[in-house]
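*Asks:* Dropping in structure.cif, which is mmCIF, C-alpha atoms:
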```cif
data_input
#
loop_
_atom_site.group_PDB
_atom_site.id
_atom_site.type_symbol
_atom_site.label_atom_id
_atom_site.label_comp_id
_atom_site.auth_asym_id
_atom_site.auth_seq_id
_atom_site.Cartn_x
_atom_site.Cartn_y
_atom_site.Cartn_z
ATOM 1 C CA MET X 18 18.762 -13.780 31.339
ATOM 2 C CA ASN X 19 20.399 -10.333 31.663
ATOM 3 C CA VAL X 20 19.323 -7.199 29.821
ATOM 4 C CA TYR X 21 22.005 -7.619 27.135
ATOM 5 C CA SER X 22 20.894 -11.170 26.363
ATOM 6 C CA ILE X 23 17.285 -10.049 26.163
ATOM 7 C CA ALA X 24 18.229 -7.214 23.790
ATOM 8 C CA ALA X 25 20.260 -9.563 21.590
ATOM 9 C CA THR X 26 17.403 -12.059 21.461
ATOM 10 C CA CYS X 27 14.916 -9.342 20.501
ATOM 11 C CA LEU X 28 17.243 -8.061 17.774
ATOM 12 C CA PHE X 29 17.625 -11.589 16.384
ATOM 13 C CA LEU X 30 13.850 -12.108 16.319
ATOM 14 C CA LEU X 31 13.325 -8.774 14.602
ATOM 15 C CA PHE X 32 15.818 -9.362 11.812
ATOM 16 C CA SER X 33 16.085 -13.164 11.503
ATOM 17 C CA SER X 34 14.975 -14.513 8.132
ATOM 18 C CA ASP X 35 15.661 -17.233 5.608
ATOM 19 C CA HIS X 36 15.515 -14.638 2.824
ATOM 20 C CA PRO X 37 18.556 -12.876 1.325
ATOM 21 C CA VAL X 38 19.231 -9.667 3.212
ATOM 22 C CA ASN X 39 21.144 -7.697 0.584
ATOM 23 C CA ILE X 40 18.336 -5.823 -1.155
ATOM 24 C CA ASN X 41 19.402 -2.665 -2.952
ATOM 25 C CA MET X 42 17.045 -0.005 -4.338
ATOM 26 C CA GLN X 43 18.012 2.944 -6.503
ATOM 27 C CA ILE X 44 16.063 5.733 -8.164
ATOM 28 C CA LYS X 45 17.042 5.488 -11.829
ATOM 29 C CA GLN X 46 14.854 8.229 -13.282
ATOM 30 C CA ALA X 47 12.369 10.765 -11.911
ATOM 31 C CA HIS X 48 9.325 11.952 -13.881
ATOM 32 C CA THR X 49 6.951 14.812 -13.200
ATOM 33 C CA VAL X 50 3.408 13.590 -13.916
ATOM 34 C CA ASP X 51 0.672 16.205 -13.705
ATOM 35 C CA SER X 52 -3.088 15.992 -13.082
ATOM 36 C CA LEU X 53 -2.754 13.539 -10.181
ATOM 37 C CA GLY X 54 -3.130 16.042 -7.371
ATOM 38 C CA ALA X 55 -0.992 14.652 -4.572
ATOM 39 C CA CYS X 56 -0.258 11.157 -5.862
ATOM 40 C CA GLN X 57 -1.198 8.583 -3.228
ATOM 41 C CA GLY X 58 -0.172 5.274 -4.756
ATOM 42 C CA ALA X 59 0.465 2.976 -7.705
ATOM 43 C CA SER X 60 -1.017 -0.344 -8.779
ATOM 44 C CA PHE X 61 0.379 -2.525 -11.590
ATOM 45 C CA GLN X 62 -2.107 -4.987 -13.042
ATOM 46 C CA GLN X 63 -1.438 -7.239 -16.023
ATOM 47 C CA GLY X 64 0.797 -4.749 -17.791
ATOM 48 C CA ARG X 65 -1.319 -1.730 -16.846
ATOM 49 C CA LEU X 66 -0.072 0.946 -14.442
ATOM 50 C CA PHE X 67 -2.660 2.828 -12.394
ATOM 51 C CA LEU X 68 -1.667 5.968 -10.476
ATOM 52 C CA TYR X 69 -4.174 7.429 -8.037
ATOM 53 C CA GLY X 70 -4.375 10.731 -6.231
ATOM 54 C CA ASP X 71 -6.520 13.401 -4.595
ATOM 55 C CA ARG X 72 -6.949 16.124 -7.165
ATOM 56 C CA GLU X 73 -10.205 18.170 -6.912
ATOM 57 C CA ALA X 74 -11.736 14.718 -6.395
ATOM 58 C CA GLY X 75 -10.182 11.315 -5.793
ATOM 59 C CA MET X 76 -9.125 9.863 -9.127
ATOM 60 C CA ILE X 77 -7.248 7.065 -10.900
ATOM 61 C CA ARG X 78 -5.332 7.434 -14.168
ATOM 62 C CA GLU X 79 -4.097 4.611 -16.406
ATOM 63 C CA PHE X 80 -0.623 4.550 -17.945
ATOM 64 C CA LYS X 81 1.472 2.201 -20.017
ATOM 65 C CA MET X 82 5.221 1.869 -19.782
ATOM 66 C CA MET X 83 7.062 2.892 -22.940
ATOM 67 C CA GLY X 84 10.668 2.052 -22.218
ATOM 68 C CA ASP X 85 11.215 3.532 -18.781
ATOM 69 C CA SER X 86 8.557 6.226 -19.125
ATOM 70 C CA PRO X 87 4.944 6.033 -17.898
ATOM 71 C CA VAL X 88 2.700 7.342 -20.698
ATOM 72 C CA TYR X 89 -0.858 8.439 -19.963
ATOM 73 C CA ILE X 90 -3.341 6.698 -22.284
ATOM 74 C CA ASN X 91 -6.246 9.143 -21.740
ATOM 75 C CA LYS X 92 -8.169 6.906 -19.363
ATOM 76 C CA GLU X 93 -9.253 8.440 -16.053
ATOM 77 C CA CYS X 94 -11.676 7.379 -13.340
ATOM 78 C CA LYS X 95 -13.178 9.883 -10.942
ATOM 79 C CA LEU X 96 -14.005 8.352 -7.568
ATOM 80 C CA THR X 97 -17.331 10.156 -7.464
ATOM 81 C CA GLU X 98 -20.976 9.101 -7.222
ATOM 82 C CA ASN X 99 -23.706 11.357 -8.619
ATOM 83 C CA GLY X 100 -21.013 13.992 -8.986
ATOM 84 C CA ALA X 101 -20.093 13.926 -5.287
ATOM 85 C CA ASP X 102 -16.508 13.198 -4.229
ATOM 86 C CA VAL X 103 -16.715 9.848 -2.403
ATOM 87 C CA ILE X 104 -13.178 8.436 -2.184
ATOM 88 C CA ASN X 105 -11.490 11.800 -1.800
ATOM 89 C CA HIS X 106 -8.145 10.516 -0.481
ATOM 90 C CA PRO X 107 -7.530 7.032 -1.988
ATOM 91 C CA THR X 108 -4.930 5.121 -0.002
ATOM 92 C CA GLY X 109 -4.745 1.672 -1.555
ATOM 93 C CA ILE X 110 -6.218 -0.621 -4.193
ATOM 94 C CA ALA X 111 -6.609 -4.295 -3.281
ATOM 95 C CA TRP X 112 -6.928 -6.169 -6.583
ATOM 96 C CA ASN X 113 -5.931 -9.715 -7.506
ATOM 97 C CA GLY X 114 -7.998 -10.362 -10.615
ATOM 98 C CA HIS X 115 -10.617 -12.691 -9.170
ATOM 99 C CA SER X 116 -11.569 -11.623 -5.633
ATOM 100 C CA PRO X 117 -13.607 -8.483 -4.780
ATOM 101 C CA THR X 118 -11.723 -5.234 -5.347
ATOM 102 C CA PHE X 119 -11.349 -2.793 -2.446
ATOM 103 C CA ILE X 120 -10.193 0.833 -2.349
ATOM 104 C CA GLY X 121 -9.148 2.543 0.869
ATOM 105 C CA ASN X 122 -9.883 6.094 1.990
ATOM 106 C CA SER X 123 -8.345 7.875 4.970
ATOM 107 C CA ILE X 124 -10.450 10.890 5.892
ATOM 108 C CA ARG X 125 -8.993 13.701 7.997
ATOM 109 C CA LEU X 126 -11.589 14.873 10.538
ATOM 110 C CA ASP X 127 -9.716 17.846 12.012
ATOM 111 C CA ALA X 128 -7.242 20.429 10.763
ATOM 112 C CA ALA X 129 -4.498 19.178 13.081
ATOM 113 C CA GLY X 130 -4.674 15.692 11.603
ATOM 114 C CA THR X 131 -5.175 14.052 14.985
ATOM 115 C CA LYS X 132 -8.551 12.522 14.153
ATOM 116 C CA TRP X 133 -9.151 10.251 11.188
ATOM 117 C CA LYS X 134 -11.886 8.051 9.797
ATOM 118 C CA ALA X 135 -10.876 5.054 7.710
ATOM 119 C CA VAL X 136 -13.241 3.646 5.094
ATOM 120 C CA ILE X 137 -12.889 0.701 2.709
ATOM 121 C CA TYR X 138 -15.036 0.584 -0.428
ATOM 122 C CA CYS X 139 -15.904 -2.596 -2.297
ATOM 123 C CA VAL X 140 -16.157 -1.666 -5.978
ATOM 124 C CA ASN X 141 -16.938 -3.204 -9.335
ATOM 125 C CA TRP X 142 -13.433 -2.652 -10.677
ATOM 126 C CA GLN X 143 -14.139 -3.460 -14.308
ATOM 127 C CA GLY X 144 -17.261 -1.339 -14.220
ATOM 128 C CA LEU X 145 -15.316 1.573 -12.725
ATOM 129 C CA LEU X 146 -12.692 1.354 -15.467
ATOM 130 C CA THR X 147 -15.405 1.156 -18.125
ATOM 131 C CA THR X 148 -17.675 4.017 -17.018
ATOM 132 C CA GLY X 149 -15.084 6.209 -15.285
ATOM 133 C CA THR X 150 -17.068 6.865 -12.088
ATOM 134 C CA LEU X 151 -18.427 5.010 -9.072
ATOM 135 C CA ASP X 152 -22.001 5.413 -10.323
ATOM 136 C CA GLY X 153 -23.441 1.894 -10.288
ATOM 137 C CA ASN X 154 -20.034 0.498 -9.319
ATOM 138 C CA LEU X 155 -19.929 1.203 -5.578
ATOM 139 C CA LEU X 156 -20.954 -2.138 -4.078
ATOM 140 C CA ASN X 157 -20.416 -1.545 -0.351
ATOM 141 C CA THR X 158 -19.000 0.980 2.098
ATOM 142 C CA ILE X 159 -17.191 -0.447 5.142
ATOM 143 C CA GLU X 160 -16.008 1.554 8.135
ATOM 144 C CA ASP X 161 -12.552 0.301 9.073
ATOM 145 C CA ASP X 162 -13.107 0.731 12.803
ATOM 146 C CA ALA X 163 -10.644 -2.074 13.622
ATOM 147 C CA CYS X 164 -7.838 0.218 12.485
ATOM 148 C CA ILE X 165 -5.805 2.600 14.628
ATOM 149 C CA GLN X 166 -5.107 5.299 12.031
ATOM 150 C CA GLY X 167 -6.014 5.050 8.365
ATOM 151 C CA THR X 168 -6.404 2.154 5.940
ATOM 152 C CA ARG X 169 -4.408 1.000 2.904
ATOM 153 C CA PRO X 170 -5.749 -2.290 1.508
ATOM 154 C CA GLU X 171 -3.569 -4.775 -0.407
ATOM 155 C CA TYR X 172 -4.143 -8.449 -1.245
ATOM 156 C CA VAL X 173 -1.775 -10.989 0.338
ATOM 157 C CA GLN X 174 -1.722 -14.774 0.604
ATOM 158 C CA TYR X 175 -1.315 -16.697 3.835
ATOM 159 C CA LYS X 176 -1.412 -20.494 4.006
ATOM 160 C CA GLY X 177 -2.875 -20.674 0.515
ATOM 161 C CA LYS X 178 -5.742 -18.236 1.103
ATOM 162 C CA TRP X 179 -6.185 -14.652 -0.040
ATOM 163 C CA TYR X 180 -6.669 -11.901 2.537
ATOM 164 C CA VAL X 181 -6.923 -8.116 2.427
ATOM 165 C CA ALA X 182 -4.055 -6.639 4.438
ATOM 166 C CA THR X 183 -3.972 -3.084 5.711
ATOM 167 C CA ALA X 184 -1.839 -1.039 8.106
ATOM 168 C CA ASP X 185 -1.755 2.117 10.203
ATOM 169 C CA TYR X 186 0.097 5.358 9.546
ATOM 170 C CA GLY X 187 0.533 6.827 13.040
ATOM 171 C CA ASP X 188 3.355 6.475 15.549
ATOM 172 C CA LYS X 189 1.600 4.429 18.245
ATOM 173 C CA GLY X 190 0.250 0.896 18.249
ATOM 174 C CA ASN X 191 0.803 0.282 14.555
ATOM 175 C CA GLU X 192 -0.442 -3.017 13.132
ATOM 176 C CA VAL X 193 -0.751 -4.940 9.905
ATOM 177 C CA ARG X 194 -4.204 -6.555 9.890
ATOM 178 C CA LEU X 195 -5.664 -9.281 7.680
ATOM 179 C CA TYR X 196 -9.337 -9.211 6.735
ATOM 180 C CA ASP X 197 -11.381 -12.025 5.183
ATOM 181 C CA PRO X 198 -12.439 -10.606 1.778
ATOM 182 C CA ALA X 199 -15.603 -12.758 1.559
ATOM 183 C CA LEU X 200 -16.868 -11.265 4.827
ATOM 184 C CA LEU X 201 -15.372 -7.821 4.255
ATOM 185 C CA GLN X 202 -17.280 -7.266 1.002
ATOM 186 C CA HIS X 203 -20.630 -7.472 2.835
ATOM 187 C CA ALA X 204 -19.633 -5.954 6.205
ATOM 188 C CA LYS X 205 -20.532 -2.525 7.506
ATOM 189 C CA LYS X 206 -17.621 -2.424 9.937
ATOM 190 C CA THR X 207 -14.320 -4.312 10.085
ATOM 191 C CA SER X 208 -14.979 -4.987 13.785
ATOM 192 C CA GLU X 209 -17.786 -7.391 12.818
ATOM 193 C CA LYS X 210 -17.274 -11.009 13.818
ATOM 194 C CA GLY X 211 -14.870 -12.935 11.620
ATOM 195 C CA VAL X 212 -13.740 -10.040 9.410
ATOM 196 C CA LEU X 213 -10.425 -9.513 11.216
ATOM 197 C CA VAL X 214 -8.527 -12.798 10.956
ATOM 198 C CA LYS X 215 -5.023 -12.078 12.221
ATOM 199 C CA LYS X 216 -2.615 -9.205 12.839
ATOM 200 C CA PHE X 217 0.950 -8.308 13.802
ATOM 201 C CA THR X 218 2.659 -5.161 15.073
ATOM 202 C CA CYS X 219 4.767 -2.978 12.793
ATOM 203 C CA THR X 220 6.803 0.210 12.766
ATOM 204 C CA PRO X 221 5.284 3.707 12.208
ATOM 205 C CA TRP X 222 4.458 5.807 9.185
ATOM 206 C CA VAL X 223 3.216 3.126 6.779
ATOM 207 C CA GLN X 224 1.811 4.845 3.697
ATOM 208 C CA ASN X 225 1.054 1.740 1.651
ATOM 209 C CA LEU X 226 1.682 -2.003 1.339
ATOM 210 C CA HIS X 227 3.041 -4.097 -1.511
ATOM 211 C CA TRP X 228 2.876 -7.889 -1.716
ATOM 212 C CA ILE X 229 5.558 -9.935 -3.528
ATOM 213 C CA PRO X 230 3.871 -13.344 -4.019
ATOM 214 C CA ALA X 231 6.850 -15.212 -5.480
ATOM 215 C CA LYS X 232 8.974 -14.355 -2.442
ATOM 216 C CA ASN X 233 6.239 -14.331 0.206
ATOM 217 C CA ILE X 234 7.422 -10.872 1.223
ATOM 218 C CA LEU X 235 5.325 -7.912 2.335
ATOM 219 C CA VAL X 236 6.873 -4.488 1.765
ATOM 220 C CA LEU X 237 5.928 -1.643 4.086
ATOM 221 C CA ILE X 238 6.126 1.587 2.088
ATOM 222 C CA GLN X 239 6.945 4.096 4.788
ATOM 223 C CA ASN X 240 8.231 7.502 5.776
ATOM 224 C CA GLN X 241 11.267 7.676 8.052
ATOM 225 C CA VAL X 242 9.581 10.467 10.008
ATOM 226 C CA GLU X 243 6.048 11.759 9.780
ATOM 227 C CA GLY X 244 5.336 12.866 6.224
ATOM 228 C CA ARG X 245 8.966 12.890 5.106
ATOM 229 C CA ARG X 246 11.795 10.732 3.739
ATOM 230 C CA TRP X 247 11.639 7.377 2.000
ATOM 231 C CA ARG X 248 11.733 3.962 3.668
ATOM 232 C CA PHE X 249 11.003 0.456 2.333
ATOM 233 C CA THR X 250 10.774 -2.321 4.929
ATOM 234 C CA TYR X 251 10.849 -5.877 3.565
ATOM 235 C CA LEU X 252 9.132 -8.375 5.878
ATOM 236 C CA ASP X 253 9.199 -12.146 6.103
ATOM 237 C CA PHE X 254 5.435 -12.385 5.965
ATOM 238 C CA ASN X 255 4.932 -15.899 7.345
ATOM 239 C CA LYS X 256 7.245 -15.297 10.303
ATOM 240 C CA SER X 257 5.555 -11.970 11.022
ATOM 241 C CA MET X 258 2.187 -13.690 11.078
ATOM 242 C CA GLU X 259 3.421 -16.502 13.294
ATOM 243 C CA THR X 260 5.173 -14.281 15.863
ATOM 244 C CA GLY X 261 2.677 -11.404 15.957
ATOM 245 C CA ALA X 262 5.412 -8.845 15.247
ATOM 246 C CA GLN X 263 7.105 -7.740 12.054
ATOM 247 C CA GLN X 264 10.113 -9.858 11.083
ATOM 248 C CA VAL X 265 12.423 -7.677 9.034
ATOM 249 C CA ILE X 266 14.486 -8.922 6.124
ATOM 250 C CA LYS X 267 15.862 -5.523 5.145
ATOM 251 C CA VAL X 268 15.141 -1.834 5.697
ATOM 252 C CA VAL X 269 16.069 0.353 2.718
ATOM 253 C CA ASP X 270 16.239 4.090 3.398
ATOM 254 C CA LEU X 271 16.681 6.476 0.464
ATOM 255 C CA ASP X 272 17.892 10.040 0.549
ATOM 256 C CA ARG X 273 14.710 11.678 -0.684
ATOM 257 C CA THR X 274 13.188 14.251 1.638
ATOM 258 C CA ASP X 275 9.639 14.378 0.230
ATOM 259 C CA GLU X 276 6.709 12.144 1.190
ATOM 260 C CA LEU X 277 6.856 8.633 -0.237
ATOM 261 C CA GLU X 278 3.278 7.453 -0.822
ATOM 262 C CA GLY X 279 3.316 4.226 -2.830
ATOM 263 C CA PHE X 280 5.330 1.622 -4.700
ATOM 264 C CA THR X 281 4.730 -1.268 -7.055
ATOM 265 C CA PHE X 282 6.944 -3.699 -8.908
ATOM 266 C CA LEU X 283 6.396 -3.900 -12.647
ATOM 267 C CA ASP X 284 6.720 -7.085 -14.732
ATOM 268 C CA ASN X 285 9.490 -8.522 -12.534
ATOM 269 C CA ASP X 286 11.137 -7.961 -9.184
ATOM 270 C CA SER X 287 13.975 -5.816 -10.523
ATOM 271 C CA LYS X 288 12.007 -2.789 -11.736
ATOM 272 C CA GLY X 289 9.368 -0.757 -9.949
ATOM 273 C CA ILE X 290 7.587 2.587 -9.700
ATOM 274 C CA ALA X 291 7.652 4.698 -6.525
ATOM 275 C CA VAL X 292 5.391 7.732 -6.158
ATOM 276 C CA SER X 293 5.399 10.744 -3.884
ATOM 277 C CA SER X 294 2.907 13.504 -3.126
ATOM 278 C CA SER X 295 5.254 16.153 -4.557
ATOM 279 C CA ARG X 296 4.293 18.256 -7.573
ATOM 280 C CA LYS X 297 7.661 17.559 -9.230
ATOM 281 C CA ASP X 298 9.553 14.269 -9.614
ATOM 282 C CA ASN X 299 6.505 12.485 -8.234
ATOM 283 C CA VAL X 300 6.795 9.263 -10.312
ATOM 284 C CA ASN X 301 10.114 7.458 -10.083
ATOM 285 C CA ASN X 302 11.641 4.467 -11.855
ATOM 286 C CA MET X 303 13.258 2.148 -9.331
ATOM 287 C CA GLN X 304 15.971 -0.474 -9.891
ATOM 288 C CA ILE X 305 16.001 -3.295 -7.340
ATOM 289 C CA SER X 306 18.700 -5.933 -6.908
ATOM 290 C CA TRP X 307 18.586 -9.055 -4.716
ATOM 291 C CA LYS X 308 21.511 -11.060 -3.318
#
```
Take the structure in the file and give it back as structure tokens.
*Replies:*
Amino acid sequence: MNVYSIAATCLFLLFSSDHPVNINMQIKQAHTVDSLGACQGASFQQGRLFLYGDREAGMIREFKMMGDSPVYINKECKLTENGADVINHPTGIAWNGHSPTFIGNSIRLDAAGTKWKAVIYCVNWQGLLTTGTLDGNLLNTIEDDACIQGTRPEYVQYKGKWYVATADYGDKGNEVRLYDPALLQHAKKTSEKGVLVKKFTCTPWVQNLHWIPAKNILVLIQNQVEGRRWRFTYLDFNKSMETGAQQVIKVVDLDRTDELEGFTFLDNDSKGIAVSSSRKDNVNNMQISWK
């Protein structure tokens, strides 16, 4: 096989999929939402929108959608314990309504940003929402030492079982990894036996993950370059798992130059919320079409 045949085969494997490939995303309306610090992500749960960020301490605020506008309902959680900032840079909320809830934290260890420590926290989610702090609600702290750079937990399903997926942010050796939540909730490190179940390689600058259960699609919420520009990469999840490398359905690049941090669909797969770390226009209504 010559080099051109090899390249064509690799391109086919990277982009082959049984899913429709014409996915269009548009920003319909931008909102400036204050008091989030640098917004790090969004989680939509049973009609409730949670935006989280790294203000003076890591925090989560609850919103409801009124028309196309997110409206703050005066509910805030500080990710503190005994007044100390614990989850100072929240990078993902893995919640599915019945399994343990996990929150990620990527901790910068040097000013240059070349050294990071990734931590996953198992929390009493309902308790956190009720009391507004981690006091009495922090169940376990897990060092994500199986990661390469950073952690961003999200629940996914594979072969009928729930797993906690996470991914790296850097530009070398990036992976999506699946952890067993039953073992993860009691582990001290993700490198412990049985916690890491399976993984596949992916492209750089993944800020967050979003799972679309009805379509069996995992969306990589990414930057096009480090810390800048918006990219959404839709993956055929099963094929990615089976091949050990991401299998792309569609890459959607948008002409926004700030730092995309998170995304979630709302009640259906045609409307979503994308957030950036900017001080202005940081919460954006998205329109998504599939063909």
*Asks:* Out of X:Ala182, X:Leu213, X:Ala101, X:Val242, which residue has the shortest atom-to-atom distance to Leu151 in chain X when counting all atoms listed in the file?
*Replies:* X:Ala101
*Asks:* Quick check on the file I pasted: which residues fall under the PyMOL selection byres ((chain X and resi 52) around 9)? Write them as an MDAnalysis selection string.
*Replies:* chainID X and resid 50:51 53:55 70 72 78
*Asks:* Would you save the residues of that selection, restricted to C-alpha atoms, as a CSV table (one decimal), keeping the file's coordinate frame?
*Replies:*
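Below is the file again_2.csv, written as the result:
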```
chain,number,residue,atom,x,y,z
X,50,VAL,CA,3.4,13.6,-13.9
X,51,ASP,CA,0.7,16.2,-13.7
X,53,LEU,CA,-2.8,13.5,-10.2
X,54,GLY,CA,-3.1,16.0,-7.4
X,55,ALA,CA,-1.0,14.7,-4.6
X,70,GLY,CA,-4.4,10.7,-6.2
X,72,ARG,CA,-6.9,16.1,-7.2
X,78,ARG,CA,-5.3,7.4,-14.2
```
*Asks:* Given the file shown, determine the residues that the PyMOL selection byres ((chain X and resi 141) around 8) selects; report them as a list in words.
*Replies:*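 Here the PyMOL selection byres ((chain X and resi 141) around 8) matches Pro117, Thr118, Cys139, Val140, Trp142, Gln143, Gly144, Leu145, Asn154, Leu155 and Leu156 of chain X.
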*Asks:* CA of Asp286 in chain X to CA of Met303 in chain X: how many Å, to one decimal?
*Replies:*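 Atom-to-atom, CA of Asp286 in chain X and CA of Met303 in chain X are spaced 10.3 Å apart.
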*Asks:* If we count only C-alpha atoms and set the cut-off at 12 Å, which residues sit around Leu235 in chain X, ignoring sequence neighbours fewer than 2 positions away in its own chain? Please answer as number ranges by chain.
*Replies:* X: 171-175, 182-184, 193, 219, 225-233, 237-238, 249-258, 263-267, 280-281
*Asks:* If you apply the PyMOL selection byres ((chain X and resi 288-296) around 6) to this file, what residues do you get, as a ChimeraX atom specification?
*Replies:* /X:55-56,276-283,286-287,297,299-305
*Asks:* Go through X:Gly153, X:Val103, X:Asp197, X:Gly187 one by one, measure the shortest atom-to-atom distance of each to Lys132 in chain X using only C-alpha atoms, and give the residue with the smallest value.
*Replies:* X:Gly187
*Asks:* Between X:Lys81, X:Arg169, X:His48, X:Lys92, which has the minimum distance to Asp284 in chain X (counting only C-alpha atoms)?
*Replies:*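 Ranking X:Lys81, X:Arg169, X:His48, X:Lys92 by distance to Asp284 in chain X, first place goes to X:Lys81.
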*Asks:* By how many Å are CA of Glu192 in chain X and CA of Trp222 in chain X apart?
*Replies:* 10.8 Å
*Asks:* When you count all atoms listed in the file, which of these residues is closest to Val269 in chain X: X:Leu200, X:Leu66, X:Val236, X:Val181?
*Replies:*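 Comparing X:Leu200, X:Leu66, X:Val236, X:Val181 against Val269 in chain X, the winner is X:Val236.
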*Asks:* Kindly give the distance, in Å, that separates CA of Leu271 in chain X and CA of Gln224 in chain X, rounded to a single decimal.
*Replies:*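 Pair CA of Leu271 in chain X / CA of Gln224 in chain X returns 15.3 Å.
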*Asks:* Using only C-alpha atoms, which protein or nucleic acid residues come within 9 Å of Gly121 in chain X? Drop anything in the same chain fewer than 2 positions from it, and give the result as a count of residues only.
*Replies:* 17
*Asks:* Counting only C-alpha atoms, which of X:Ala59, X:Cys164, X:Met83, X:Leu195 gets nearest to Trp179 in chain X?
*Replies:* X:Leu195
*Asks:* Could you check the closest approach to Gln57 in chain X for each of X:Gln43, X:Asn99, X:Ser86, X:Asn105 and tell me which residue wins, using all atoms listed in the file?
*Replies:*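 The answer is X:Asn105, which sits nearest to Gln57 in chain X.
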*Asks:* Please return range 172-178 of chain X, rebuilt to all heavy atoms, as a compact mmCIF listing (two decimals), in the frame of the given file.
*Replies:*
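Okay, this is what ended up in out.txt:
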```txt
# COMPACT_ATOMS: atom_id res chain seq x y z
N TYR X 172 -3.96 -7.00 -1.34
CA TYR X 172 -4.14 -8.45 -1.25
C TYR X 172 -2.83 -9.15 -0.92
O TYR X 172 -1.77 -8.82 -1.47
CB TYR X 172 -4.71 -9.01 -2.54
CG TYR X 172 -6.22 -9.10 -2.55
CD1 TYR X 172 -6.98 -8.24 -3.33
CD2 TYR X 172 -6.89 -10.03 -1.76
CE1 TYR X 172 -8.37 -8.31 -3.33
CE2 TYR X 172 -8.28 -10.10 -1.76
CZ TYR X 172 -9.01 -9.24 -2.54
OH TYR X 172 -10.38 -9.32 -2.52
N VAL X 173 -2.90 -10.13 -0.01
CA VAL X 173 -1.78 -10.99 0.34
C VAL X 173 -2.29 -12.43 0.42
O VAL X 173 -3.49 -12.67 0.49
CB VAL X 173 -1.14 -10.59 1.69
CG1 VAL X 173 -0.63 -9.16 1.66
CG2 VAL X 173 -2.14 -10.77 2.84
N GLN X 174 -1.36 -13.37 0.41
CA GLN X 174 -1.72 -14.77 0.60
C GLN X 174 -1.07 -15.30 1.87
O GLN X 174 0.10 -15.03 2.14
CB GLN X 174 -1.30 -15.62 -0.59
CG GLN X 174 -2.27 -15.62 -1.74
CD GLN X 174 -1.88 -16.60 -2.82
OE1 GLN X 174 -0.76 -16.58 -3.31
NE2 GLN X 174 -2.81 -17.45 -3.22
N TYR X 175 -1.84 -16.06 2.64
CA TYR X 175 -1.32 -16.70 3.84
C TYR X 175 -1.90 -18.09 3.93
O TYR X 175 -3.12 -18.26 3.93
CB TYR X 175 -1.67 -15.88 5.08
CG TYR X 175 -1.13 -16.46 6.37
CD1 TYR X 175 0.23 -16.64 6.55
CD2 TYR X 175 -2.00 -16.82 7.40
CE1 TYR X 175 0.73 -17.17 7.73
CE2 TYR X 175 -1.51 -17.34 8.59
CZ TYR X 175 -0.14 -17.52 8.74
OH TYR X 175 0.34 -18.04 9.91
N LYS X 176 -1.02 -19.08 3.95
CA LYS X 176 -1.41 -20.49 4.01
C LYS X 176 -2.40 -20.84 2.89
O LYS X 176 -3.40 -21.52 3.09
CB LYS X 176 -2.00 -20.84 5.38
CG LYS X 176 -0.97 -20.74 6.50
CD LYS X 176 -1.53 -21.20 7.84
CE LYS X 176 -0.45 -21.19 8.91
NZ LYS X 176 -0.97 -21.63 10.24
N GLY X 177 -2.11 -20.34 1.70
CA GLY X 177 -2.88 -20.67 0.52
C GLY X 177 -4.18 -19.93 0.33
O GLY X 177 -4.91 -20.20 -0.63
N LYS X 178 -4.49 -18.97 1.20
CA LYS X 178 -5.74 -18.24 1.10
C LYS X 178 -5.47 -16.74 0.94
O LYS X 178 -4.54 -16.21 1.54
CB LYS X 178 -6.60 -18.48 2.35
CG LYS X 178 -7.97 -17.82 2.28
CD LYS X 178 -8.84 -18.16 3.49
CE LYS X 178 -10.19 -17.44 3.41
NZ LYS X 178 -11.07 -17.75 4.56
```
